[in-house]
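For reference, the structure discussed in these notes is given below.
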Amino acid sequence: MEYVTLNNGVKMPILGFGVYQIPQEETKQAVLDAISVGYRSIDTAQSYFNEEQVGEAIKETDIPREELFITTKVWIDNYGYDKCKKSVEESLEKLGVDYIDLVLLHQPFSDYYEAYRALEDLYKEGKIRAIGVSNFYPDRITDICLFGREVIPAVNQVETNPMNAQYEAQENMESLNVQMAAWAPFGEGMQGMFTNETLVNIGKKYNKSAAQVILRWLIQRKVVVVCKSTHLERIKENFDVFDFELSDEDMEEIKTLDNKDSLFFDHADPEIVKWFDEMTVVRRTQHRASEEQKKW
């Protein structure tokens with residue numbers, strides 16, 4: 001495993017295992033499988049509704065807690081100072097840990113200034129080892145770094161894949177001493193990501209898959225990357241990316257795939273902001289109904 005050193009000196013694995021969209025009933029085993037393969041960084045979020053299952057895996061594994069790097073994210077409806085602080089305390093309880101290695105604000109909407117202030121205080125209290133944000137575009141990450149923050153974000157996790165490479169965003173983060181992290185490195189297979197001719201042909205030179213080439217491309221850019229699967233063989237394949245190195249020519253060739261457009265949504269689009277608001281209400285309502293049903 002390779003590591004990056006965050007701006008506060010904390011070391012973070014450059015490759016992590018994510019549990020987004022993994023059902024609760026599959027999460028514990030998926031995390032245990034990932035840990036058995038060699039992953040030490042596990043990425044969850046309040047909005048994934050599977051923090052408790054990640055916590056069960058943490059409790060069951062033989063790997064010491066200090067060797068694991070646990071990330072969670074605060075969802076929009078928990079923004080504001082008091083709500084954010086309370087929600088992180090609840091995440092600590094669900095995860096069954098005394099501290100969380102990294103806590104991010106999940107989206108750049110609502111009262112994220114006060115939510116970030118809550119993270120700063122939790123960081124000072126030792127309940128969080130590092131704090132950061134997710135999906136903050138260059139203007140917003142610059143804003144939160146420069147104006148009134150006591151603790152500079154350690155990480156900004158953004159969509160990053162060959163079709164939306166975020167080179168300029170990375171340059172901006174590096175100038176601010178913020179570590180870039182990638183979600184959706186495979187773009188959920190959109191735009192033929194796994195069968196892309198350029199990626200497949202590069203992979204053939206190293207006897208690697210297009211997915212492995214993508215992960216290696218990000219690692220060589222010094223971008224922390226989170227990938228996920230519920231299939232053990234794919235979990236193993238995604239981890240098997242530390243025994244080869246892409247050439248400069250390979251890196252330049254992959255650069256030609258970048259069209260600078262999100263495969264998912266534009267956070268600057270007012271309609272997307274409205275969608276997030278609606279989705280937050282719907283998902284929280286569905287989750288509460290599901291939890292009530294379990295009680296019966």
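Residue numbering restarts at 1 for every chain of the structure tokens, chains are lettered A, B, ... in their displayed order, and ligands are numbered from 1 as they appear.
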Tell me which protein, DNA and RNA residues are within 12 Å of Cys145 (chain A), counting only C-alpha atoms, leaving out same-chain ones fewer than 6 positions away, and put them as a PDB file with C-alpha atoms, in the first residue's frame.
ATOM      1  CA  TYR A 113     -19.920  27.043   6.991  1.00  0.00           C
ATOM      2  CA  TYR A 116     -17.460  22.954   8.993  1.00  0.00           C
ATOM      3  CA  GLY A 132     -12.435  17.971   4.788  1.00  0.00           C
ATOM      4  CA  VAL A 133     -15.116  18.363   2.154  1.00  0.00           C
ATOM      5  CA  PHE A 136     -16.445  21.389  -3.609  1.00  0.00           C
ATOM      6  CA  PRO A 138     -12.484  25.188  -7.238  1.00  0.00           C
ATOM      7  CA  ASP A 139     -14.238  28.404  -6.201  1.00  0.00           C
ATOM      8  CA  VAL A 151      -8.362  24.334  10.005  1.00  0.00           C
ATOM      9  CA  ILE A 152      -7.665  24.020   6.278  1.00  0.00           C
ATOM     10  CA  PRO A 153      -9.564  21.060   4.739  1.00  0.00           C
ATOM     11  CA  ALA A 154      -7.242  18.076   4.489  1.00  0.00           C
ATOM     12  CA  VAL A 155      -9.180  16.424   1.645  1.00  0.00           C
ATOM     13  CA  ASN A 156     -11.631  17.331  -1.099  1.00  0.00           C
ATOM     14  CA  ASN A 172      -5.924  24.416  -7.460  1.00  0.00           C
ATOM     15  CA  MET A 173      -6.163  21.983  -4.527  1.00  0.00           C
ATOM     16  CA  GLU A 174      -2.417  21.456  -4.508  1.00  0.00           C
ATOM     17  CA  SER A 175      -1.900  25.232  -4.375  1.00  0.00           C
ATOM     18  CA  LEU A 176      -4.125  25.259  -1.269  1.00  0.00           C
ATOM     19  CA  ASN A 177      -2.404  22.212   0.291  1.00  0.00           C
ATOM     20  CA  VAL A 178      -5.592  20.136   0.031  1.00  0.00           C
TER      21      VAL A 178
END
Q | DSSP strand (DSSP E) selection over region 29-271 of chain A, as a PyMOL selection string | A | chain A and resi 41-43+69-74+100-105+128-134+155-159+179-183+224-227
Proximity of region 127-200 of chain A to region 226-236 of chain A: per-residue shortest pair, 8 Å limit, only C-alpha atoms, as JSON lines:
{"residue": "A:Ala181", "atom": "CA", "partner": "A:Val226", "partner_atom": "CA", "distance": 7.7}
{"residue": "A:Ala182", "atom": "CA", "partner": "A:Val226", "partner_atom": "CA", "distance": 6.2}
{"residue": "A:Trp183", "atom": "CA", "partner": "A:Val226", "partner_atom": "CA", "distance": 5.7}
{"residue": "A:Ala184", "atom": "CA", "partner": "A:Cys227", "partner_atom": "CA", "distance": 7.1}
{"residue": "A:Pro185", "atom": "CA", "partner": "A:Cys227", "partner_atom": "CA", "distance": 6.9}
Restricted to C-alpha atoms, what would the selected residues look like written as a PDB file, in the first residue's frame?
ATOM      1  CA  ALA A 181      -9.543  12.286  -3.584  1.00  0.00           C
ATOM      2  CA  ALA A 182     -11.550  10.569  -6.321  1.00  0.00           C
ATOM      3  CA  TRP A 183     -15.022   9.097  -6.234  1.00  0.00           C
ATOM      4  CA  ALA A 184     -16.488   7.237  -9.225  1.00  0.00           C
ATOM      5  CA  PRO A 185     -13.067   6.414 -10.725  1.00  0.00           C
TER       6      PRO A 185
END
(Q) Restricting the calculation to only C-alpha atoms: of A:Ile144, A:Val4, A:Ala130, A:Leu32, which residue gets closest to Gln220 (chain A)? (A) A:Val4
Counting only C-alpha atoms, which residues of region 99-204 of chain A sit at most 12 Å from some atom of region 52-65 of chain A, and what is each one's closest atom pair with its distance in Å to one decimal, listed by chain and rising residue number, as JSON lines?
{"residue": "A:Tyr99", "atom": "CA", "partner": "A:Arg65", "partner_atom": "CA", "distance": 9.8}
{"residue": "A:Ile100", "atom": "CA", "partner": "A:Arg65", "partner_atom": "CA", "distance": 10.3}
{"residue": "A:Asp101", "atom": "CA", "partner": "A:Arg65", "partner_atom": "CA", "distance": 10.4}
Emit the selected residues as a tab-separated table (two decimals), in the first residue's frame, including N, CA and C atoms.
chain	number	residue	atom	x	y	z
A	99	TYR	N	-12.81	7.33	17.61
A	99	TYR	CA	-12.45	8.45	16.73
A	99	TYR	C	-12.67	8.02	15.28
A	100	ILE	N	-12.86	9.01	14.41
A	100	ILE	CA	-12.97	8.77	12.98
A	100	ILE	C	-11.77	9.42	12.32
A	101	ASP	N	-11.15	8.73	11.41
A	101	ASP	CA	-9.91	9.25	10.80
A	101	ASP	C	-10.17	10.47	9.92
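By chain and then residue number, the residues within 12 Å of Lys260 (chain A) are Glu159, Thr160, Asn161, Pro162, Met163, Asn164, Ala165, Gln166, Tyr167, Glu168, Ala169, Lys255 and Asp266 of chain A, counting only C-alpha atoms and disregarding those fewer than 5 positions away in sequence.
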Q | Minimum-distance residue to Val224 (chain A), chosen among A:Asn201, A:Phe276, A:Met180, A:Cys84 (using only C-alpha atoms) | A | A:Met180
